[in-house]
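Chemist: Provided herewith: input_18.txt, compact mmCIF, C-alpha atoms and all ligand atoms.
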```
# COMPACT_ATOMS: atom_id res chain seq x y z
CA MET Y 235 215.88 -59.64 218.72
CA GLU Y 236 218.13 -57.84 221.16
CA ALA Y 237 218.93 -59.44 224.51
CA VAL Y 238 217.99 -57.52 227.67
CA GLY Y 239 217.90 -58.48 231.33
CA LEU Y 240 214.34 -57.40 232.07
CA LEU Y 241 211.26 -56.33 230.11
CA VAL Y 242 208.36 -54.74 232.01
CA HIS Y 243 205.33 -54.65 229.71
CA SER Y 244 201.57 -54.22 229.48
CA ALA Y 245 201.47 -51.22 231.85
CA GLY Y 246 198.06 -49.55 231.46
CA GLN Y 247 199.82 -46.29 232.40
CA LEU Y 248 203.60 -46.14 232.34
CA CYS Y 249 204.37 -42.82 234.10
CA VAL Y 250 207.82 -41.64 232.99
CA VAL Y 251 207.76 -38.48 235.21
CA PRO Y 252 210.64 -36.91 233.25
CA ALA Y 253 213.12 -34.34 234.43
CA HIS Y 254 212.60 -30.91 232.84
CA ASP Y 255 215.61 -30.39 230.53
CA GLY Y 256 217.78 -32.29 233.02
CA GLU Y 257 216.48 -30.20 235.93
CA PRO Y 258 213.67 -30.61 238.49
CA GLN Y 259 210.09 -29.86 237.42
CA ARG Y 260 209.87 -26.24 238.64
CA GLY Y 261 206.83 -24.06 239.31
CA ALA Y 262 203.99 -24.54 236.81
CA SER Y 263 205.82 -27.43 235.10
CA LEU Y 264 205.36 -29.64 238.22
CA GLY Y 265 203.13 -32.64 237.49
CA GLU Y 266 204.33 -33.65 234.02
CA LEU Y 267 204.01 -37.45 233.96
CA ALA Y 268 204.53 -38.26 230.21
CA ILE Y 269 202.26 -41.31 230.42
CA VAL Y 270 202.79 -44.11 227.88
CA GLU Y 271 199.57 -46.14 227.52
CA ASP Y 272 200.05 -49.91 227.25
CA GLY Y 273 203.68 -49.07 227.96
CA ALA Y 274 206.83 -51.14 228.31
CA LEU Y 275 210.38 -50.62 229.49
CA ALA Y 276 213.56 -52.58 228.72
CA VAL Y 277 216.46 -52.89 231.20
CA ARG Y 278 220.07 -53.91 230.64
CA ASP Y 279 222.69 -54.01 233.43
CA GLY Y 280 220.28 -52.30 235.81
CA ARG Y 281 219.62 -49.33 233.51
CA ILE Y 282 216.65 -48.38 231.36
CA VAL Y 283 217.59 -48.79 227.68
CA ASP Y 284 214.17 -48.27 226.02
CA VAL Y 285 210.67 -47.03 226.86
CA GLY Y 286 207.68 -47.26 224.51
CA PRO Y 287 204.51 -49.12 223.52
CA SER Y 288 204.41 -52.77 224.65
CA ALA Y 289 203.76 -54.08 221.12
CA GLU Y 290 206.96 -52.43 219.83
CA LEU Y 291 209.25 -53.40 222.70
CA ARG Y 292 208.00 -56.99 222.86
CA GLY Y 293 208.89 -57.34 219.18
CA ARG Y 294 212.34 -55.81 219.66
CA TYR Y 295 213.75 -57.47 222.80
CA SER Y 296 214.32 -60.97 224.05
CA PRO Y 297 214.45 -60.62 227.87
CA MET Y 298 215.96 -62.96 230.47
CA GLN Y 299 213.05 -62.00 232.77
CA GLU Y 300 209.62 -60.45 232.12
CA VAL Y 301 207.26 -58.55 234.40
CA ASP Y 302 203.73 -58.51 232.99
CA ALA Y 303 202.06 -55.50 234.59
CA GLY Y 304 198.67 -56.80 233.42
CA GLY Y 305 197.24 -53.36 232.65
CA ARG Y 306 198.38 -51.91 235.99
CA CYS Y 307 200.15 -48.62 236.55
CA VAL Y 308 203.99 -48.44 236.52
CA ILE Y 309 205.71 -45.46 238.19
CA PRO Y 310 209.27 -44.58 239.27
CA GLY Y 311 210.33 -45.87 242.70
CA PHE Y 312 209.73 -43.25 245.38
CA VAL Y 313 212.72 -41.22 246.55
CA ASP Y 314 212.55 -40.10 250.20
CA PRO Y 315 214.98 -37.14 250.44
CA HIS Y 316 214.72 -36.47 254.21
CA THR Y 317 214.81 -39.13 256.92
CA HIS Y 318 216.51 -39.36 260.32
CA ILE Y 319 217.37 -43.04 259.91
CA PRO Y 320 219.25 -44.51 261.74
CA TRP Y 321 218.01 -44.00 265.29
CA TYR Y 322 217.63 -46.29 268.31
CA GLY Y 323 214.58 -46.64 270.57
CA ASP Y 324 211.32 -44.71 270.51
CA ARG Y 325 209.46 -41.82 272.18
CA ALA Y 326 205.90 -43.13 272.49
CA ASN Y 327 205.86 -41.65 276.03
CA GLU Y 328 206.46 -38.15 274.65
CA PHE Y 329 203.64 -38.56 272.16
CA GLU Y 330 201.40 -39.33 275.12
CA GLN Y 331 202.69 -36.18 276.92
CA ARG Y 332 201.92 -34.11 273.83
CA LEU Y 333 198.40 -35.52 273.68
CA ALA Y 334 198.04 -34.39 277.30
CA GLY Y 335 199.01 -30.81 276.37
CA ALA Y 336 202.81 -30.43 276.38
CA THR Y 337 204.37 -28.84 273.29
CA TYR Y 338 207.32 -30.26 271.34
CA MET Y 339 209.54 -27.33 272.39
CA GLU Y 340 208.55 -27.72 276.10
CA ILE Y 341 209.47 -31.41 276.01
CA MET Y 342 212.78 -30.55 274.30
CA ALA Y 343 213.57 -27.86 276.94
CA ALA Y 344 212.97 -30.45 279.70
CA GLY Y 345 215.65 -32.77 278.28
CA GLY Y 346 213.34 -34.89 276.14
CA GLY Y 347 212.88 -34.61 272.42
CA ILE Y 348 215.97 -35.09 270.30
CA MET Y 349 218.19 -35.58 273.42
CA SER Y 350 216.10 -38.57 274.47
CA THR Y 351 216.87 -40.31 271.16
CA VAL Y 352 220.50 -39.14 271.41
CA ARG Y 353 220.89 -40.92 274.77
CA GLN Y 354 219.36 -44.14 273.37
CA THR Y 355 221.41 -43.98 270.14
CA ARG Y 356 224.71 -43.26 271.95
CA GLN Y 357 224.21 -46.34 274.14
CA ALA Y 358 223.38 -48.70 271.27
CA GLU Y 359 226.13 -51.02 270.04
CA PRO Y 360 226.85 -50.51 266.29
CA ALA Y 361 225.32 -53.92 265.47
CA GLU Y 362 222.19 -53.10 267.52
CA LEU Y 363 221.80 -49.80 265.70
CA VAL Y 364 221.95 -51.56 262.33
CA ALA Y 365 219.62 -54.39 263.40
CA ASP Y 366 217.04 -51.94 264.79
CA ASN Y 367 216.86 -50.03 261.49
CA LEU Y 368 216.81 -52.90 258.97
CA PRO Y 369 213.09 -53.72 259.47
CA ARG Y 370 212.28 -50.02 259.04
CA LEU Y 371 213.99 -49.98 255.64
CA ALA Y 372 212.24 -53.24 254.68
CA ARG Y 373 208.86 -51.60 255.39
CA MET Y 374 209.87 -48.51 253.38
CA LEU Y 375 210.80 -50.74 250.44
CA ARG Y 376 207.46 -52.59 250.60
CA ASN Y 377 205.80 -49.16 250.48
CA GLY Y 378 207.74 -48.27 247.32
CA THR Y 379 210.76 -46.27 248.51
CA THR Y 380 213.80 -47.29 246.45
CA SER Y 381 216.23 -44.47 247.47
CA ALA Y 382 216.36 -42.48 250.70
CA GLU Y 383 218.47 -39.90 252.44
CA ALA Y 384 219.73 -40.95 255.90
CA LYS Y 385 221.13 -38.56 258.53
CA THR Y 386 223.34 -38.65 261.57
CA GLY Y 387 222.41 -36.21 264.34
CA TYR Y 388 221.53 -38.56 267.20
CA GLY Y 389 225.17 -38.87 268.24
CA LEU Y 390 226.20 -35.22 268.83
CA ASP Y 391 229.74 -36.22 269.72
CA THR Y 392 232.39 -37.22 267.23
CA ALA Y 393 232.49 -40.95 267.96
CA ALA Y 394 228.70 -41.39 268.08
CA GLU Y 395 228.22 -39.34 264.89
CA LEU Y 396 230.79 -41.50 263.08
CA LYS Y 397 229.05 -44.61 264.49
CA GLN Y 398 225.86 -43.39 262.78
CA LEU Y 399 227.72 -42.84 259.48
CA ASP Y 400 229.10 -46.39 259.70
CA ALA Y 401 225.58 -47.68 260.40
CA ILE Y 402 224.22 -45.89 257.31
CA ARG Y 403 226.96 -47.44 255.19
CA SER Y 404 226.27 -50.89 256.60
CA LEU Y 405 222.49 -50.53 256.13
CA ASP Y 406 223.04 -49.42 252.54
CA ALA Y 407 225.05 -52.56 251.84
CA GLN Y 408 222.61 -54.98 253.50
CA GLN Y 409 219.29 -54.24 251.74
CA PRO Y 410 217.93 -52.77 248.47
CA VAL Y 411 216.93 -49.21 249.53
CA GLU Y 412 219.84 -47.05 248.32
CA LEU Y 413 220.92 -44.65 251.10
CA ILE Y 414 222.42 -41.18 250.56
CA ALA Y 415 224.22 -40.11 253.74
CA THR Y 416 224.07 -36.74 255.48
CA PHE Y 417 226.33 -35.68 258.37
CA MET Y 418 224.36 -33.62 260.90
CA PRO Y 419 226.27 -33.00 264.13
CA ALA Y 420 224.35 -29.69 264.35
CA HIS Y 421 220.96 -31.36 264.83
CA ALA Y 422 220.68 -30.10 268.43
CA VAL Y 423 222.90 -28.59 271.13
CA PRO Y 424 223.62 -31.61 273.37
CA SER Y 425 222.69 -31.24 277.07
CA GLU Y 426 226.38 -31.23 278.14
CA TYR Y 427 226.65 -27.88 276.28
CA ASP Y 428 223.51 -26.30 277.84
CA GLY Y 429 223.90 -22.50 277.68
CA LYS Y 430 227.15 -22.92 275.68
CA ALA Y 431 225.84 -23.30 272.15
CA ASN Y 432 228.73 -21.33 270.64
CA GLU Y 433 231.23 -23.70 272.29
CA TYR Y 434 229.41 -26.63 270.71
CA VAL Y 435 229.52 -24.87 267.33
CA ASP Y 436 233.30 -24.44 267.83
CA ARG Y 437 233.54 -28.19 268.36
CA VAL Y 438 231.40 -28.89 265.28
CA VAL Y 439 233.55 -26.76 262.97
CA GLU Y 440 236.95 -27.55 264.50
CA GLU Y 441 236.60 -31.27 265.24
CA MET Y 442 233.41 -32.95 264.01
CA LEU Y 443 233.16 -31.63 260.43
CA PRO Y 444 236.84 -32.42 259.74
CA ALA Y 445 236.32 -35.95 261.17
CA GLY Y 446 233.35 -36.48 258.85
CA ALA Y 447 235.40 -35.12 255.93
CA ASP Y 448 238.16 -37.66 256.69
CA TRP Y 449 235.48 -40.39 256.81
CA MET Y 450 234.19 -39.44 253.36
CA ARG Y 451 237.65 -39.13 251.79
CA GLN Y 452 238.64 -42.59 253.07
CA ARG Y 453 235.51 -44.05 251.42
CA ASP Y 454 235.54 -41.88 248.30
CA VAL Y 455 231.96 -40.64 248.79
CA THR Y 456 230.45 -37.17 249.11
CA LEU Y 457 228.36 -36.47 252.19
CA PHE Y 458 225.74 -33.83 252.69
CA CYS Y 459 226.01 -31.59 255.75
CA ASP Y 460 222.74 -30.42 257.33
CA VAL Y 461 221.98 -28.02 260.21
CA PHE Y 462 218.81 -27.38 262.27
CA CYS Y 463 218.42 -23.59 261.93
CA GLU Y 464 215.74 -22.91 264.54
CA ASP Y 465 214.96 -21.23 267.87
CA GLY Y 466 216.32 -23.59 270.54
CA ALA Y 467 218.76 -25.17 268.08
CA PHE Y 468 221.19 -23.09 265.91
CA ASP Y 469 220.66 -19.44 265.00
CA LEU Y 470 221.34 -17.99 261.56
CA ALA Y 471 224.94 -16.91 262.30
CA GLN Y 472 225.79 -20.33 263.79
CA SER Y 473 224.13 -22.09 260.84
CA ARG Y 474 226.13 -19.97 258.38
CA ARG Y 475 229.37 -20.72 260.19
CA ILE Y 476 228.71 -24.47 260.11
CA LEU Y 477 227.57 -24.61 256.47
CA GLU Y 478 230.40 -22.40 255.18
CA ARG Y 479 232.96 -24.59 256.96
CA ALA Y 480 231.23 -27.72 255.58
CA ALA Y 481 231.32 -26.36 252.01
CA ALA Y 482 235.04 -25.60 252.38
CA LEU Y 483 235.61 -29.22 253.49
CA GLY Y 484 233.83 -30.62 250.41
CA TYR Y 485 230.36 -31.41 251.77
CA ARG Y 486 227.22 -30.62 249.79
CA LEU Y 487 224.71 -28.60 251.81
CA LYS Y 488 221.21 -29.00 253.25
CA ILE Y 489 219.33 -27.09 255.93
CA HIS Y 490 216.33 -27.52 258.25
CA ALA Y 491 214.73 -24.07 257.99
CA ASP Y 492 211.56 -22.21 259.03
CA GLU Y 493 209.87 -25.14 260.80
CA PHE Y 494 208.69 -23.10 263.81
CA ALA Y 495 210.41 -19.70 263.38
CA ALA Y 496 211.57 -17.77 260.30
CA LEU Y 497 215.27 -17.13 260.99
CA GLY Y 498 216.45 -16.61 257.41
CA GLY Y 499 217.66 -20.17 256.82
CA THR Y 500 215.98 -20.53 253.42
CA ALA Y 501 217.63 -17.39 251.99
CA LEU Y 502 220.95 -18.62 253.45
CA ALA Y 503 220.49 -21.97 251.67
CA VAL Y 504 219.90 -20.27 248.32
CA GLU Y 505 222.86 -17.92 248.87
CA LEU Y 506 225.21 -20.83 249.68
CA GLY Y 507 223.93 -23.00 246.80
CA ALA Y 508 222.50 -25.66 249.13
CA VAL Y 509 221.02 -28.64 247.30
CA SER Y 510 217.86 -28.46 249.43
CA ALA Y 511 216.10 -26.45 252.14
CA ASP Y 512 213.66 -28.53 254.17
CA HIS Y 513 210.48 -27.91 256.27
CA LEU Y 514 209.78 -24.31 255.06
CA VAL Y 515 206.56 -23.79 257.01
CA GLN Y 516 207.06 -20.20 258.24
CA THR Y 517 209.07 -19.07 255.20
CA PRO Y 518 208.53 -15.35 254.43
CA GLU Y 519 207.59 -14.13 250.94
CA ALA Y 520 211.06 -12.71 250.19
CA ASP Y 521 212.63 -16.12 250.89
CA ILE Y 522 210.00 -17.89 248.77
CA ALA Y 523 210.94 -15.52 245.92
CA ALA Y 524 214.60 -16.44 246.45
CA LEU Y 525 213.70 -20.14 245.98
CA GLY Y 526 212.15 -19.21 242.63
CA ARG Y 527 215.41 -17.60 241.48
CA GLY Y 528 217.87 -20.12 242.94
CA ARG Y 529 218.62 -23.80 242.40
CA THR Y 530 217.88 -25.01 245.93
CA VAL Y 531 215.04 -27.57 246.05
CA ALA Y 532 212.31 -26.87 248.64
CA VAL Y 533 211.49 -30.07 250.52
CA ALA Y 534 208.06 -30.15 252.19
CA LEU Y 535 207.55 -32.59 255.07
CA PRO Y 536 203.79 -32.70 255.67
CA GLY Y 537 204.09 -35.73 257.97
CA THR Y 538 205.71 -33.47 260.57
CA PRO Y 539 202.89 -30.94 261.16
CA PHE Y 540 200.46 -33.87 260.93
CA GLY Y 541 202.56 -35.69 263.52
CA LEU Y 542 202.51 -32.62 265.81
CA THR Y 543 198.77 -31.97 265.47
CA ARG Y 544 196.49 -32.36 268.47
CA TRP Y 545 192.73 -31.96 268.40
CA ASP Y 546 193.14 -28.50 269.97
CA ALA Y 547 196.37 -27.50 268.20
CA PRO Y 548 196.11 -27.38 264.42
CA GLN Y 549 199.45 -26.93 262.66
CA ALA Y 550 200.65 -24.86 259.72
CA TYR Y 551 201.98 -26.59 256.58
CA THR Y 552 204.49 -25.62 253.87
CA PRO Y 553 203.01 -22.97 251.52
CA ALA Y 554 203.61 -25.24 248.54
CA ARG Y 555 201.38 -23.41 246.10
CA ARG Y 556 203.13 -20.11 246.80
CA ILE Y 557 206.52 -21.78 246.30
CA LEU Y 558 205.31 -23.12 242.94
CA ALA Y 559 203.82 -19.74 241.97
CA ALA Y 560 207.27 -18.23 242.59
CA GLY Y 561 208.80 -20.81 240.22
CA GLY Y 562 210.40 -22.94 242.93
CA ALA Y 563 211.27 -26.65 242.71
CA LEU Y 564 209.25 -28.60 245.28
CA ALA Y 565 209.94 -32.11 246.61
CA LEU Y 566 208.26 -34.26 249.28
CA ALA Y 567 209.79 -36.40 252.04
CA THR Y 568 208.70 -38.29 255.16
CA ASP Y 569 211.11 -36.70 257.72
CA CYS Y 570 210.93 -40.23 259.19
CA ASN Y 571 212.02 -39.77 262.85
CA PRO Y 572 210.91 -40.96 266.27
CA GLY Y 573 209.87 -37.54 267.60
CA THR Y 574 207.56 -35.81 265.17
CA SER Y 575 206.97 -38.02 262.11
CA TRP Y 576 207.40 -41.77 262.38
CA CYS Y 577 206.14 -42.24 258.84
CA GLU Y 578 207.77 -44.81 256.56
CA SER Y 579 205.41 -44.36 253.60
CA MET Y 580 205.78 -41.86 250.77
CA GLN Y 581 202.21 -42.82 249.77
CA MET Y 582 201.01 -41.36 253.09
CA VAL Y 583 203.08 -38.21 252.46
CA ILE Y 584 201.49 -37.85 249.00
CA ALA Y 585 198.02 -38.21 250.54
CA LEU Y 586 198.87 -35.44 253.06
CA ALA Y 587 200.37 -33.23 250.34
CA CYS Y 588 197.19 -33.46 248.27
CA ARG Y 589 195.03 -32.43 251.22
CA MET Y 590 197.23 -30.04 253.26
CA LEU Y 591 199.54 -28.54 250.60
CA GLY Y 592 197.02 -28.30 247.78
CA LEU Y 593 198.89 -30.45 245.26
CA THR Y 594 197.20 -32.57 242.59
CA GLN Y 595 198.06 -36.28 242.57
CA ALA Y 596 200.29 -35.70 239.50
CA GLN Y 597 202.17 -32.84 241.21
CA ALA Y 598 202.62 -34.86 244.39
CA LEU Y 599 203.85 -37.89 242.41
CA ALA Y 600 206.49 -35.81 240.60
CA ALA Y 601 207.51 -34.14 243.90
CA ALA Y 602 207.99 -37.61 245.47
CA THR Y 603 210.04 -39.04 242.60
CA VAL Y 604 211.95 -36.90 240.10
CA ASN Y 605 212.14 -33.73 242.22
CA ALA Y 606 212.94 -35.74 245.35
CA ALA Y 607 215.89 -37.25 243.47
CA PHE Y 608 217.20 -33.75 242.68
CA ALA Y 609 216.81 -32.85 246.37
CA ILE Y 610 219.54 -35.42 247.17
CA GLY Y 611 221.71 -34.68 244.14
CA ARG Y 612 220.61 -37.88 242.35
CA GLY Y 613 218.35 -36.41 239.68
CA HIS Y 614 220.65 -37.66 236.91
CA GLU Y 615 220.43 -41.29 238.17
CA VAL Y 616 217.00 -42.02 239.71
CA GLY Y 617 213.50 -40.61 240.16
CA SER Y 618 212.14 -41.02 236.60
CA LEU Y 619 211.73 -43.78 234.00
CA GLU Y 620 213.91 -42.14 231.34
CA VAL Y 621 216.40 -43.99 229.15
CA GLY Y 622 219.83 -44.08 230.81
CA LYS Y 623 218.56 -43.96 234.38
CA GLN Y 624 218.66 -46.74 236.95
CA ALA Y 625 215.68 -49.10 236.59
CA ASP Y 626 214.00 -48.32 239.94
CA LEU Y 627 210.25 -48.79 239.47
CA LEU Y 628 206.98 -49.86 241.02
CA VAL Y 629 204.03 -51.82 239.63
CA LEU Y 630 200.95 -50.55 241.48
CA ASP Y 631 197.86 -52.58 242.27
CA THR Y 632 195.72 -50.14 240.26
CA ASP Y 633 195.36 -49.04 236.63
CA ASP Y 634 195.08 -45.33 237.57
CA TYR Y 635 197.97 -43.33 239.13
CA ARG Y 636 195.39 -40.96 240.67
CA GLN Y 637 194.57 -43.64 243.26
CA VAL Y 638 197.92 -42.68 244.89
CA GLY Y 639 197.03 -39.76 247.14
CA TYR Y 640 193.31 -40.43 246.84
CA GLN Y 641 193.56 -43.60 248.92
CA PHE Y 642 195.52 -43.39 252.18
CA GLY Y 643 196.61 -45.62 255.03
CA GLY Y 644 197.11 -48.65 252.82
CA ASN Y 645 199.73 -49.76 250.33
CA LEU Y 646 199.14 -49.79 246.56
CA VAL Y 647 202.61 -51.20 245.73
CA LYS Y 648 202.51 -54.67 244.19
CA THR Y 649 206.02 -55.12 242.73
CA VAL Y 650 209.29 -53.25 243.40
CA VAL Y 651 212.22 -53.29 240.96
CA LYS Y 652 215.57 -51.85 242.15
CA LYS Y 653 218.45 -51.48 239.66
CA GLY Y 654 216.63 -53.86 237.30
CA ARG Y 655 216.15 -56.57 239.94
CA VAL Y 656 212.70 -57.59 241.22
CA VAL Y 657 213.07 -57.15 245.01
CA ILE Y 658 209.39 -57.24 246.09
CA GLN Y 659 206.81 -59.37 244.29
ZN ZN J 1 214.46 -33.49 259.81
```
Is it possible to express this structure as structure tokens?

Modeler:
Amino acid sequence: MEAVGLLVHSAGQLCVVPAHDGEPQRGASLGELAIVEDGALAVRDGRIVDVGPSAELRGRYSPMQEVDAGGRCVIPGFVDPHTHIPWYGDRANEFEQRLAGATYMEIMAAGGGIMSTVRQTRQAEPAELVADNLPRLARMLRNGTTSAEAKTGYGLDTAAELKQLDAIRSLDAQQPVELIATFMPAHAVPSEYDGKANEYVDRVVEEMLPAGADWMRQRDVTLFCDVFCEDGAFDLAQSRRILERAAALGYRLKIHADEFAALGGTALAVELGAVSADHLVQTPEADIAALGRGRTVAVALPGTPFGLTRWDAPQAYTPARRILAAGGALALATDCNPGTSWCESMQMVIALACRMLGLTQAQALAAATVNAAFAIGRGHEVGSLEVGKQADLLVLDTDDYRQVGYQFGGNLVKTVVKKGRVVIQ
């Protein structure tokens, strides 16, 4: 008998959700789960060393710790590849204004929206910012998220943006959800630069991006750089200038594109080799075709149009089926933020994706795990239950994975394992 740290066994369905030849599950291949019935999984030093039938693995390994799934479903931990954690405060008042008829862009033009959270986040002490976000990450973990992207973008000056980066690093160290950091000083044009967007872009490329690059070199990590390419935020030329400078400084690239207006951000992302392009609601056909040819992962955020919906203002959603028909790689994320989508649950996002994007439960599950991992450059480490990957997994309180997406508003997660350690039981 071989010694291992952990043996998870007796899973009625063990959903491996494999990468496709080391790449995301693209186009028609999305939804491959590779289910092992009565499955088991052995873990050594936090990594998966074997996957197979329970009878075989129980005869082969002598574990320090066992998790008996009792016929329940085992799936990879969810990866949330787009959040705006950390932020400080809330905007419940703006939600009330929207319910009374104001639009998101009208509230933003009146100094609310992102700037409201910027003011609250700038004023927060570093320790307050960390303390305010820890319970949020604890709720995400209980709902099955084991890795998440986390962005700056509520500082919008050099010191406050670096304060957010420090908060992300501190949050990552203090709890089990693994955080992948993104630097986003071009999230909005701050009010002190009203009517002077190009001057703010000068400051981003000349001062803020180099400061973030110093931060990452000192800590030997690679950051993503993201930009909000949108009417009222940064136009296509400004977005290109920021992303090209970021690439030259060693950042990997992301973009917020086509949420309200099609400015060409998706095609720019593919051209620059961005790891992901996110939102993609108004994306034109030519840009969808570009996603099919390129390597950029399309990240759909169905919580955001749902969060913006009023009874009299239905919203458009990402044309996920057209992206898949073009051969694109599709992932799902919460966009967790205090303005448009305060959603901490990837299970809720899967439920929305099944109804509003037209995905099957299997497609949505793969988009929320293996493809989501590729959307943050972690597809080789997490997102699937393949040998060699980190042992990040969930035991669900059901014997049928199709309950995820079918049920909504609750929580089907019973046990969470992160890097081979049981962190929620
Ligand atoms: Zn966002």

Chemist: Please, which residues are within 12 Å of (205.1, -33.6, 254.7) by the file's coordinates, counting only C-alpha atoms, and could they come as a PyMOL selection string?

Modeler: chain Y and resi 314-317+493+512-515+532-542+549-554+564-570+574-593+598+601-602

Chemist: So which residues fall inside 9 Å of (211.6, -35.1, 274.8) if we count all atoms listed in the file? Mind giving them as a ChimeraX atom specification?

Modeler: /Y:325,327-328,338-351,573

Chemist: Distance atom CA of Y:Thr603-atom CA of Y:Ile269, one decimal place?

Modeler: 14.6 Å

Chemist: Which is closest to Y:Glu271 among Y:Gly256, Y:Gly378, Y:Pro287, Y:Gly643, if we use all atoms listed in the file?

Modeler: Y:Pro287

Chemist: Between atom CA of Y:Asn605 and atom CA of Y:Asn377, what is the distance in Å, rounded to a tenth?

Modeler: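 Pair atom CA of Y:Asn605 / atom CA of Y:Asn377 returns 18.6 Å.
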
Chemist: Figure out the distance between atom CA of Y:Ala496 and atom CA of Y:Leu470, please, to one decimal in Å.

Modeler: 9.9 Å
